[in-house]
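J.: So here's input_0.cif (mmCIF, C-alpha atoms and all ligand atoms).
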data_model
#
loop_
_atom_site.label_atom_id
_atom_site.label_comp_id
_atom_site.auth_asym_id
_atom_site.auth_seq_id
_atom_site.Cartn_x
_atom_site.Cartn_y
_atom_site.Cartn_z
CA MET K 1 19.22 14.86 17.09
CA SER K 2 20.60 11.43 16.19
CA LEU K 3 18.29 8.60 15.26
CA ALA K 4 19.48 6.45 18.14
CA ASP K 5 17.36 8.48 20.51
CA ILE K 6 14.86 9.82 18.13
CA ILE K 7 11.49 10.23 19.78
CA SER K 8 10.61 10.59 23.42
CA VAL K 9 6.97 11.22 24.22
CA GLY K 10 5.20 11.22 27.57
CA LYS K 11 3.72 13.31 30.31
CA SER K 12 5.84 11.95 33.13
CA SER K 13 9.06 10.02 33.31
CA GLN K 14 7.03 6.88 34.12
CA GLU K 15 5.09 7.17 30.85
CA MET K 16 8.18 8.09 28.84
CA ARG K 17 9.01 5.76 25.98
CA THR K 18 11.94 6.02 23.65
CA LEU K 19 11.59 4.96 20.04
CA GLN K 20 14.74 4.12 18.18
CA LEU K 21 14.70 3.91 14.39
CA SER K 22 16.62 0.85 13.28
CA ALA K 23 16.01 0.80 9.50
CA VAL K 24 13.84 2.29 6.76
CA ALA K 25 12.86 0.68 3.46
CA ASP K 26 11.17 1.78 0.25
CA SER K 27 10.49 0.00 -3.02
CA THR K 28 14.15 0.21 -4.04
CA GLY K 29 16.14 -0.68 -0.96
CA MET K 30 16.75 -0.53 2.75
CA LEU K 31 18.83 1.71 4.96
CA HIS K 32 20.23 0.37 8.23
CA VAL K 33 20.29 3.41 10.46
CA ASN K 34 23.26 4.07 12.70
CA ASP K 35 23.74 6.45 15.61
CA ARG K 36 25.41 9.05 13.42
CA THR K 37 22.59 9.38 10.87
CA ALA K 38 20.25 12.31 11.45
CA LEU K 39 16.56 11.86 10.65
CA SER K 40 16.59 15.10 8.62
CA GLU K 41 19.40 13.64 6.49
CA ILE K 42 17.32 10.56 5.66
CA LEU K 43 14.22 12.60 4.87
CA SER K 44 16.04 14.98 2.56
CA ALA K 45 17.88 12.08 0.86
CA LYS K 46 14.50 10.39 0.25
CA ARG K 47 13.07 13.63 -1.15
CA ASN K 48 16.09 14.14 -3.41
CA GLY K 49 16.23 10.52 -4.57
CA THR K 50 19.71 10.01 -3.08
CA LEU K 51 18.91 7.50 -0.32
CA GLN K 52 21.22 4.93 -1.88
CA LYS K 53 24.18 7.26 -1.31
CA LEU K 54 23.83 7.07 2.48
CA ASP K 55 26.01 4.72 4.54
CA GLY K 56 24.11 1.53 5.37
CA TRP K 57 21.89 1.44 2.27
CA PHE K 58 21.55 -1.72 0.20
CA PRO K 59 19.19 -2.71 -2.63
CA LEU K 60 16.26 -5.06 -1.95
CA LYS K 61 15.11 -7.69 -4.41
CA ASP K 62 11.92 -8.17 -2.45
CA ALA K 63 10.20 -6.35 0.43
CA ARG K 64 10.20 -9.58 2.47
CA GLU K 65 13.99 -9.30 2.68
CA ALA K 66 13.54 -6.07 4.66
CA VAL K 67 11.76 -7.92 7.47
CA ASN K 68 14.28 -10.75 7.53
CA SER K 69 17.24 -8.44 7.79
CA ALA K 70 15.69 -5.94 10.23
CA ASP K 71 16.86 -5.98 13.82
CA ALA K 72 13.82 -4.35 15.43
CA ASP K 73 10.95 -4.98 17.87
CA VAL K 74 8.30 -3.33 15.70
CA ILE K 75 7.66 -2.96 11.98
CA VAL K 76 5.69 0.10 10.78
CA ASP K 77 4.05 -0.67 7.44
CA CYS K 78 3.19 2.35 5.27
CA THR K 79 3.41 0.58 1.91
CA THR K 80 0.91 1.07 -0.89
CA THR K 81 -2.49 -0.57 -0.40
CA ASN K 82 -3.62 -3.16 -2.92
CA TYR K 83 -6.87 -5.12 -2.74
CA ARG K 84 -5.91 -7.91 -5.17
CA ASP K 85 -3.67 -9.92 -2.87
CA ALA K 86 -2.39 -7.33 -0.35
CA GLN K 87 1.18 -8.28 -1.21
CA PRO K 88 3.99 -7.83 -0.35
CA SER K 89 2.56 -6.24 2.80
CA LEU K 90 0.65 -9.37 3.92
CA ASP K 91 3.71 -11.62 3.76
CA CYS K 92 5.83 -8.96 5.49
CA MET K 93 3.33 -8.64 8.35
CA LEU K 94 3.11 -12.41 8.85
CA ALA K 95 6.91 -12.78 8.66
CA ALA K 96 7.36 -9.99 11.21
CA ILE K 97 4.86 -11.55 13.62
CA ARG K 98 6.49 -14.99 13.30
CA LYS K 99 9.86 -13.37 13.91
CA GLY K 100 8.53 -11.96 17.19
CA MET K 101 7.91 -8.38 16.08
CA ASP K 102 4.85 -6.24 16.79
CA VAL K 103 3.20 -4.58 13.80
CA VAL K 104 1.82 -1.06 13.34
CA THR K 105 0.21 -0.51 9.95
CA ALA K 106 -1.49 2.17 7.86
CA ASN K 107 -2.00 -0.30 5.00
CA LYS K 108 -5.63 -1.48 4.76
CA GLY K 109 -5.04 -4.26 2.20
CA PRO K 110 -3.88 -7.12 4.45
CA LEU K 111 -6.57 -6.42 7.06
CA ALA K 112 -9.34 -6.04 4.49
CA LEU K 113 -8.47 -9.41 2.92
CA GLN K 114 -6.96 -11.53 5.71
CA MET K 115 -7.63 -9.92 9.08
CA ARG K 116 -8.54 -13.16 10.86
CA LEU K 117 -5.38 -14.92 9.69
CA ILE K 118 -3.21 -11.98 10.80
CA MET K 119 -4.87 -11.64 14.22
CA ASP K 120 -4.74 -15.42 14.81
CA GLU K 121 -1.01 -15.46 13.99
CA ALA K 122 -0.43 -12.49 16.28
CA SER K 123 -2.33 -14.13 19.09
CA LYS K 124 -0.42 -17.45 18.66
CA SER K 125 2.88 -15.56 18.79
CA GLY K 126 1.83 -13.21 21.61
CA ARG K 127 2.43 -10.15 19.39
CA SER K 128 0.32 -7.01 18.84
CA VAL K 129 -1.01 -5.66 15.57
CA LYS K 130 -2.18 -2.02 15.70
CA PHE K 131 -4.00 -0.39 12.80
CA GLY K 132 -5.58 2.85 14.03
CA ALA K 133 -4.30 4.71 10.95
CA THR K 134 -6.23 2.49 8.52
CA VAL K 135 -9.63 4.05 9.32
CA GLY K 136 -10.20 7.77 9.70
CA GLY K 137 -6.57 8.89 9.47
CA GLY K 138 -5.98 10.70 12.75
CA THR K 139 -9.57 10.46 14.02
CA PRO K 140 -9.72 7.47 16.39
CA PHE K 141 -12.84 5.74 14.99
CA ILE K 142 -11.67 2.27 16.08
CA ASP K 143 -10.75 3.30 19.65
CA PHE K 144 -14.02 5.26 19.96
CA GLY K 145 -15.98 2.20 18.75
CA MET K 146 -14.20 0.05 21.38
CA MET K 147 -15.29 2.47 24.09
CA CYS K 148 -18.89 2.57 22.78
CA SER K 149 -19.12 -1.23 22.76
CA ALA K 150 -17.66 -1.80 26.24
CA GLY K 151 -20.21 -3.80 28.25
CA THR K 152 -22.59 -4.04 25.31
CA GLU K 153 -22.22 -4.79 21.60
CA ILE K 154 -22.42 -2.94 18.31
CA ARG K 155 -25.66 -3.83 16.53
CA SER K 156 -25.08 -1.67 13.49
CA MET K 157 -22.95 1.12 12.15
CA SER K 158 -23.09 3.54 9.26
CA GLY K 159 -20.55 6.01 8.11
CA VAL K 160 -18.93 8.19 5.51
CA LEU K 161 -15.43 6.73 5.45
CA ASN K 162 -13.73 8.12 2.35
CA GLY K 163 -12.63 11.75 2.18
CA THR K 164 -11.96 11.90 -1.57
CA THR K 165 -15.40 10.69 -2.65
CA ASN K 166 -17.07 12.88 -0.04
CA TYR K 167 -15.18 15.90 -1.36
CA VAL K 168 -16.17 15.04 -4.93
CA LEU K 169 -19.85 14.56 -4.01
CA THR K 170 -19.83 17.79 -1.99
CA ARG K 171 -18.38 19.79 -4.90
CA MET K 172 -20.72 18.10 -7.41
CA GLY K 173 -23.59 19.15 -5.14
CA GLU K 174 -22.30 22.71 -5.57
CA GLY K 175 -22.51 22.44 -9.35
CA LEU K 176 -19.16 20.98 -10.52
CA SER K 177 -18.93 17.99 -12.87
CA MET K 178 -17.32 14.82 -11.44
CA GLN K 179 -14.31 15.35 -13.69
CA ASP K 180 -13.79 18.94 -12.48
CA ALA K 181 -14.39 18.03 -8.82
CA LEU K 182 -11.83 15.23 -9.10
CA ALA K 183 -9.29 17.47 -10.86
CA GLU K 184 -9.73 20.02 -8.06
CA ALA K 185 -9.23 17.29 -5.42
CA LYS K 186 -6.04 16.11 -7.16
CA ASP K 187 -4.70 19.67 -7.58
CA SER K 188 -5.13 20.42 -3.90
CA GLY K 189 -3.45 17.14 -2.90
CA ILE K 190 -6.65 15.63 -1.44
CA ALA K 191 -7.03 12.82 -3.97
CA GLU K 192 -4.27 10.42 -4.96
CA SER K 193 -3.05 10.55 -8.57
CA ASP K 194 -4.95 7.28 -9.12
CA PRO K 195 -8.18 7.61 -7.11
CA ALA K 196 -9.74 4.44 -8.61
CA ASN K 197 -9.93 2.60 -5.25
CA ASP K 198 -11.80 5.57 -3.78
CA LEU K 199 -14.25 6.05 -6.66
CA LYS K 200 -15.02 2.32 -6.91
CA GLY K 201 -15.86 2.20 -3.19
CA LEU K 202 -12.99 -0.22 -2.40
CA ASP K 203 -11.36 2.06 0.17
CA SER K 204 -14.70 2.51 1.99
CA ALA K 205 -15.33 -1.26 1.82
CA ALA K 206 -11.93 -2.03 3.35
CA LYS K 207 -12.63 0.40 6.18
CA ILE K 208 -16.07 -1.02 7.06
CA VAL K 209 -14.53 -4.53 7.07
CA ILE K 210 -11.77 -3.38 9.45
CA LEU K 211 -14.28 -1.60 11.72
CA ALA K 212 -16.72 -4.53 11.82
CA ASN K 213 -13.97 -7.08 12.47
CA SER K 214 -12.19 -5.10 15.13
CA LEU K 215 -15.36 -4.10 17.00
CA THR K 216 -17.28 -7.38 16.80
CA GLY K 217 -14.60 -10.06 16.36
CA ALA K 218 -16.18 -11.16 13.05
CA GLY K 219 -13.96 -12.46 10.26
CA PHE K 220 -15.27 -10.50 7.28
CA SER K 221 -13.25 -9.69 4.19
CA MET K 222 -13.79 -7.48 1.13
CA LYS K 223 -15.70 -10.20 -0.73
CA ASP K 224 -18.44 -9.97 1.93
CA VAL K 225 -19.22 -6.33 1.08
CA ALA K 226 -21.87 -5.34 -1.49
CA ILE K 227 -20.05 -2.46 -3.17
CA THR K 228 -21.30 0.31 -5.45
CA GLY K 229 -18.89 3.19 -6.04
CA ILE K 230 -19.71 6.76 -7.08
CA GLU K 231 -18.73 6.42 -10.74
CA GLY K 232 -22.40 6.30 -11.78
CA VAL K 233 -23.42 9.37 -9.77
CA THR K 234 -24.80 12.16 -11.94
CA VAL K 235 -25.91 15.73 -11.37
CA ASP K 236 -29.49 14.34 -11.67
CA SER K 237 -29.01 11.81 -8.86
CA LEU K 238 -27.61 14.56 -6.63
CA ALA K 239 -30.60 16.79 -7.43
CA GLU K 240 -32.99 13.92 -6.66
CA ALA K 241 -31.37 13.42 -3.24
CA ARG K 242 -31.70 17.16 -2.58
CA ARG K 243 -35.39 17.11 -3.51
CA ALA K 244 -35.85 14.30 -0.97
CA GLY K 245 -34.38 16.63 1.69
CA GLY K 246 -30.89 15.16 1.83
CA GLN K 247 -27.53 14.92 0.14
CA LEU K 248 -25.91 12.04 -1.68
CA ARG K 249 -23.08 10.48 0.35
CA LEU K 250 -21.03 7.30 -0.14
CA VAL K 251 -22.33 5.40 2.88
CA SER K 252 -20.75 2.27 4.42
CA THR K 253 -23.01 0.13 6.59
CA TYR K 254 -22.78 -2.92 8.84
CA ASP K 255 -25.76 -4.83 10.25
CA ALA K 256 -24.91 -7.48 12.86
CA ALA K 257 -28.28 -9.30 12.72
CA LEU K 258 -28.08 -9.69 8.93
CA ARG K 259 -24.28 -10.12 8.94
CA ALA K 260 -24.41 -7.64 6.05
CA LEU K 261 -21.87 -5.06 4.92
CA SER K 262 -22.43 -2.54 2.15
CA VAL K 263 -21.02 0.53 0.45
CA SER K 264 -23.20 2.65 -1.84
CA PRO K 265 -24.16 6.23 -2.68
CA LEU K 266 -27.29 6.98 -0.63
CA PRO K 267 -29.36 10.09 0.11
CA VAL K 268 -28.56 11.15 3.69
CA SER K 269 -30.87 13.53 5.52
CA ILE K 270 -29.43 16.97 6.31
CA SER K 271 -30.04 16.36 10.02
CA ASP K 272 -28.20 13.01 10.04
CA HIS K 273 -24.88 13.32 11.92
CA ILE K 274 -23.04 11.39 9.21
CA ASN K 275 -23.99 14.01 6.63
CA VAL K 276 -20.53 15.59 6.70
CA SER K 277 -19.06 17.66 3.90
CA GLY K 278 -15.66 17.94 2.21
CA MET K 279 -12.86 15.70 3.45
CA ASN K 280 -14.54 14.86 6.76
CA ASN K 281 -15.44 11.32 7.83
CA ALA K 282 -18.15 10.29 10.30
CA VAL K 283 -19.36 7.04 11.84
CA THR K 284 -22.47 6.32 13.91
CA TYR K 285 -22.39 3.24 16.16
CA ARG K 286 -25.68 1.78 17.45
CA THR K 287 -25.35 -0.51 20.46
CA ALA K 288 -27.48 -3.35 21.85
CA ASN K 289 -28.43 -1.23 24.88
CA GLY K 290 -30.11 1.31 22.61
CA ASN K 291 -27.45 4.00 22.50
CA GLU K 292 -26.24 5.80 19.41
CA TYR K 293 -22.82 7.48 19.21
CA THR K 294 -21.31 9.47 16.35
CA LEU K 295 -17.72 10.56 15.86
CA ILE K 296 -16.80 13.11 13.16
CA GLY K 297 -13.29 14.08 12.11
CA ALA K 298 -10.73 14.53 9.36
CA GLY K 299 -10.51 11.24 7.45
CA ALA K 300 -6.99 11.46 6.05
CA GLY K 301 -3.93 13.60 5.74
CA VAL K 302 -0.27 12.76 6.06
CA ARG K 303 0.28 14.42 9.46
CA GLU K 304 -2.96 13.04 10.95
CA THR K 305 -2.06 9.55 9.75
CA ALA K 306 1.47 9.87 11.15
CA ARG K 307 -0.08 10.89 14.49
CA ALA K 308 -2.28 7.77 14.47
CA ILE K 309 0.82 5.63 13.81
CA LEU K 310 2.65 7.28 16.71
CA ARG K 311 -0.40 6.73 18.96
CA ASP K 312 -0.34 3.03 18.05
CA LEU K 313 3.41 2.77 18.65
CA LEU K 314 3.04 4.30 22.09
CA SER K 315 0.18 1.97 23.00
CA LEU K 316 2.16 -1.22 22.31
CA PRO K 317 2.72 -3.32 25.40
CA ARG K 318 6.09 -2.91 27.06
CA ARG K 319 8.06 -6.11 26.54
N1 LIG D 401 -1.77 9.47 3.07
C1 LIG D 401 -2.86 9.33 3.86
O1 LIG D 401 -3.56 10.29 4.21
C2 LIG D 401 -3.23 7.95 4.38
C3 LIG D 401 -4.25 7.81 5.35
C4 LIG D 401 -4.52 6.55 5.88
C5 LIG D 401 -3.86 5.43 5.40
N2 LIG D 401 -2.92 5.60 4.42
C6 LIG D 401 -2.23 4.39 3.92
O2 LIG D 401 -0.85 4.50 4.26
C7 LIG D 401 -0.06 3.86 3.26
C8 LIG D 401 0.97 4.87 2.75
O3 LIG D 401 0.29 5.98 2.21
P1 LIG D 401 1.08 7.09 1.38
O4 LIG D 401 0.09 8.13 1.02
O5 LIG D 401 2.31 7.48 2.11
O6 LIG D 401 1.44 6.23 0.07
P2 LIG D 401 2.62 6.41 -0.96
O7 LIG D 401 2.98 7.84 -1.08
O8 LIG D 401 2.19 5.65 -2.16
O9 LIG D 401 3.87 5.67 -0.29
C9 LIG D 401 3.97 4.28 -0.30
C10 LIG D 401 5.38 3.92 0.15
O10 LIG D 401 5.48 2.49 0.12
C11 LIG D 401 6.70 2.15 -0.55
N3 LIG D 401 6.53 0.87 -1.21
C12 LIG D 401 5.63 0.55 -2.16
N4 LIG D 401 5.79 -0.75 -2.52
C13 LIG D 401 6.82 -1.23 -1.78
C14 LIG D 401 7.49 -2.48 -1.72
N5 LIG D 401 7.12 -3.49 -2.50
N6 LIG D 401 8.52 -2.62 -0.86
C15 LIG D 401 8.93 -1.60 -0.06
N7 LIG D 401 8.32 -0.38 -0.08
C16 LIG D 401 7.30 -0.21 -0.94
C17 LIG D 401 6.92 3.25 -1.58
O11 LIG D 401 8.29 3.28 -1.96
P3 LIG D 401 8.84 4.32 -3.06
O12 LIG D 401 8.96 5.63 -2.31
O13 LIG D 401 10.16 3.75 -3.43
O14 LIG D 401 7.86 4.35 -4.16
C18 LIG D 401 6.49 4.48 -0.78
O15 LIG D 401 7.54 4.97 0.03
C19 LIG D 401 -1.03 3.37 2.17
O16 LIG D 401 -1.32 2.01 2.38
C20 LIG D 401 -2.27 4.23 2.40
O17 LIG D 401 -3.46 3.60 1.98
C21 LIG D 401 -2.57 6.82 3.92
#
Using the file provided, produce a representation of the structure as structure tokens.
Ligand SMILES: NC(=O)c1ccc[n+]([C@@H]2O[C@H](COP(=O)([O-])OP(=O)(O)OC[C@H]3O[C@@H](n4cnc5c(N)ncnc54)[C@H](OP(=O)(O)O)[C@@H]3O)[C@@H](O)[C@H]2O)c1

T.:
Amino acid sequence: MSLADIISVGKSSQEMRTLQLSAVADSTGMLHVNDRTALSEILSAKRNGTLQKLDGWFPLKDAREAVNSADADVIVDCTTTNYRDAQPSLDCMLAAIRKGMDVVTANKGPLALQMRLIMDEASKSGRSVKFGATVGGGTPFIDFGMMCSAGTEIRSMSGVLNGTTNYVLTRMGEGLSMQDALAEAKDSGIAESDPANDLKGLDSAAKIVILANSLTGAGFSMKDVAITGIEGVTVDSLAEARRAGGQLRLVSTYDAALRALSVSPLPVSISDHINVSGMNNAVTYRTANGNEYTLIGAGAGVRETARAILRDLLSLPRR
């Protein structure tokens, strides 16, 4: 199949949408895609490191150039997350919005640091920003939270939002050292080669910020979260949690009344729905009308994340 008519998804012809890939970029350059280029050709060139040999490729000095030279309605941002300044993703998102493009992103950095700015810009320009892939991979925690808060409001939430740390804590609870549990997670492709953002609690903090902002309209950022990672967790602290009838989990919380956000390792009772094991994530929403809802699902994974991106693309308004 050529890239000009790459993806058609829908149950009926009325729902059918066609996505056309116009360009792809990585940290080295950008490829303008023409009708004759097959998607499989691009993917194998990327895998083999020969992207620059394809027709239409040119080097990029800066990622912002990619947005300026793209002729597209939507930008899909899957660049590396950084929590220092969220660049170059933040500038790319803002440039795309100002250029009249919608944005679909899996990158938590810009939303964790500057969500209000981004959403205000999008609203001024009448554009959409979709970020379902940033929390829970393929599990729709944000959409589920929207449904739970319809006609009421979220008073508080608590969740286990990072698969890597949950895997490590689960395996440590089974007797492994943190070093061995982490090595196992890396070997099986669960943890990134540099899992520092996970272990320090930054990934969980970004996710609770994105959830709180998108479900309550607040304008929190990472600096508003009291963060303790799992680096200090020992076999003794896990045993203590077990003696108290629970398990140690890296828990993210939001309390609307206190306007407080936190991430820390806490003992979670065995019967608590958010006491998930391995790579799973879970979030409990508590609403003003006294209801409590929990969603559990796989928190990451390349295919699940790609599915969340596709879901966001298909939910963009027709222009
Ligand atoms: N993987 C998951 O399960 C998952 C789940 C949810 C969210 N996410 C988020 O999705 C994003 C992508 O994840 P990933 O696992 O695919 O990460 P990755 O393997 O590190 O890929 C990042 C991509 O971004 C490109 N890139 C980095 N800096 C760039 C720049 N300055 N200009 C242009 N391109 C740049 C890289 O190019 P090169 O190939 O040239 O290095 C690479 O292709 C991250 O923000 C991550 O947090 C991932």

J.: Just to confirm, what's the straight-line distance from CA of Asn107 (chain K) to CA of Met172 (chain K) in Å (one decimal)?

T.: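 Separating CA of Asn107 (chain K) from CA of Met172 (chain K) is a distance of 29.0 Å.
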
J.: Near region 161-165 of chain K, within 10 Å and counting all atoms listed in the file, which residues show up once chain neighbours fewer than 5 positions away are dropped, as a ChimeraX atom specification?

T.: /K:135-137,141,170-171,178,181-182,185-186,190-192,195,198-208,229-231,249-252,263,265,274,276-283,298-301

J.: Which residue, K:Ser22, K:Asn291, K:Thr79, K:Thr105, has the smallest gap to ligand LIG 401 (chain D) when you use all atoms listed in the file?

T.: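 Nearest to ligand LIG 401 (chain D): K:Thr79.
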
J.: What residues of the protein or nucleic acid chains come within 8 Å of ligand LIG 401 (chain D) when you use all atoms listed in the file? Reply as a PyMOL selection string.

T.: chain K and resi 25-29+46+62-64+66+77-82+87-89+105-109+133-137+192+299-305

J.: Please compute the CA of Ala150 (chain K)-CA of Ala306 (chain K) distance, one decimal, in Å.

T.: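 CA of Ala306 (chain K) lies at a distance of 27.0 Å from CA of Ala150 (chain K).
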
J.: Find the spatial neighbours of Asn275 (chain K), counting all atoms listed in the file, within a cut-off of 9 Å - ignore same-chain residues fewer than 5 positions away - and output them as an mmCIF file with C-alpha atoms, keeping the file's coordinate frame.

T.:
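Contents of part01.cif, freshly written:
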data_model
loop_
_atom_site.group_PDB
_atom_site.id
_atom_site.type_symbol
_atom_site.label_atom_id
_atom_site.label_comp_id
_atom_site.auth_asym_id
_atom_site.auth_seq_id
_atom_site.Cartn_x
_atom_site.Cartn_y
_atom_site.Cartn_z
ATOM 1 C CA GLY K 159 -20.550 6.010 8.110
ATOM 2 C CA VAL K 160 -18.930 8.190 5.510
ATOM 3 C CA GLY K 246 -30.890 15.160 1.830
ATOM 4 C CA GLN K 247 -27.530 14.920 0.140
ATOM 5 C CA LEU K 248 -25.910 12.040 -1.680
ATOM 6 C CA ARG K 249 -23.080 10.480 0.350
ATOM 7 C CA VAL K 268 -28.560 11.150 3.690
ATOM 8 C CA SER K 269 -30.870 13.530 5.520
ATOM 9 C CA ILE K 270 -29.430 16.970 6.310
ATOM 10 C CA ALA K 282 -18.150 10.290 10.300
#

J.: Skipping near chain neighbours, those fewer than 4 positions away, what residues fall within 8 Å of Val33 (chain K) using all atoms listed in the file, listed as a list of chain:residue names?

T.: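 Counting all atoms listed in the file, the residues come to K:Leu3, K:Leu21, K:Ser22, K:Ala23, K:Val24, K:Thr37, K:Gly56.
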
J.: In Å to one decimal, how far is CA of Asp73 (chain K) from CA of Ser44 (chain K)?

T.: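 Interatomic distance here is 25.7 Å.
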
J.: Which residue, K:Ile154, K:Val76, K:Val104, K:Val209, has the smallest gap to Met222 (chain K) when you use all atoms listed in the file?

T.: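 For Met222 (chain K), the nearest of the candidates is K:Val209.
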
J.: Which is closer to Thr287 (chain K) than all the others in K:Cys148, K:Leu310, K:Ala241, K:Met115, using only C-alpha atoms?

T.: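 Under the stated criterion, the closest residue is K:Cys148.
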
J.: Just the residues within 9 Å of Ala260 (chain K), please, counting all atoms listed in the file, with nothing from its chain fewer than 4 positions along; format it as a PyMOL selection string.

T.: chain K and resi 224-226+253-256

J.: Which residue gives the smallest distance to Pro317 (chain K) among K:Ser123, K:Ser264, K:Ser128, K:Asn68, with all atoms listed in the file counted?

T.: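 Of the candidates, the smallest distance to Pro317 (chain K) is held by K:Ser128.
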
J.: Could you tell me which of K:Thr216, K:Met101, K:Gly138, K:Met16 comes closest to Ser315 (chain K) if we count only C-alpha atoms?

T.: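 Of K:Thr216, K:Met101, K:Gly138, K:Met16, the one nearest Ser315 (chain K), counting only C-alpha atoms, is K:Met16.
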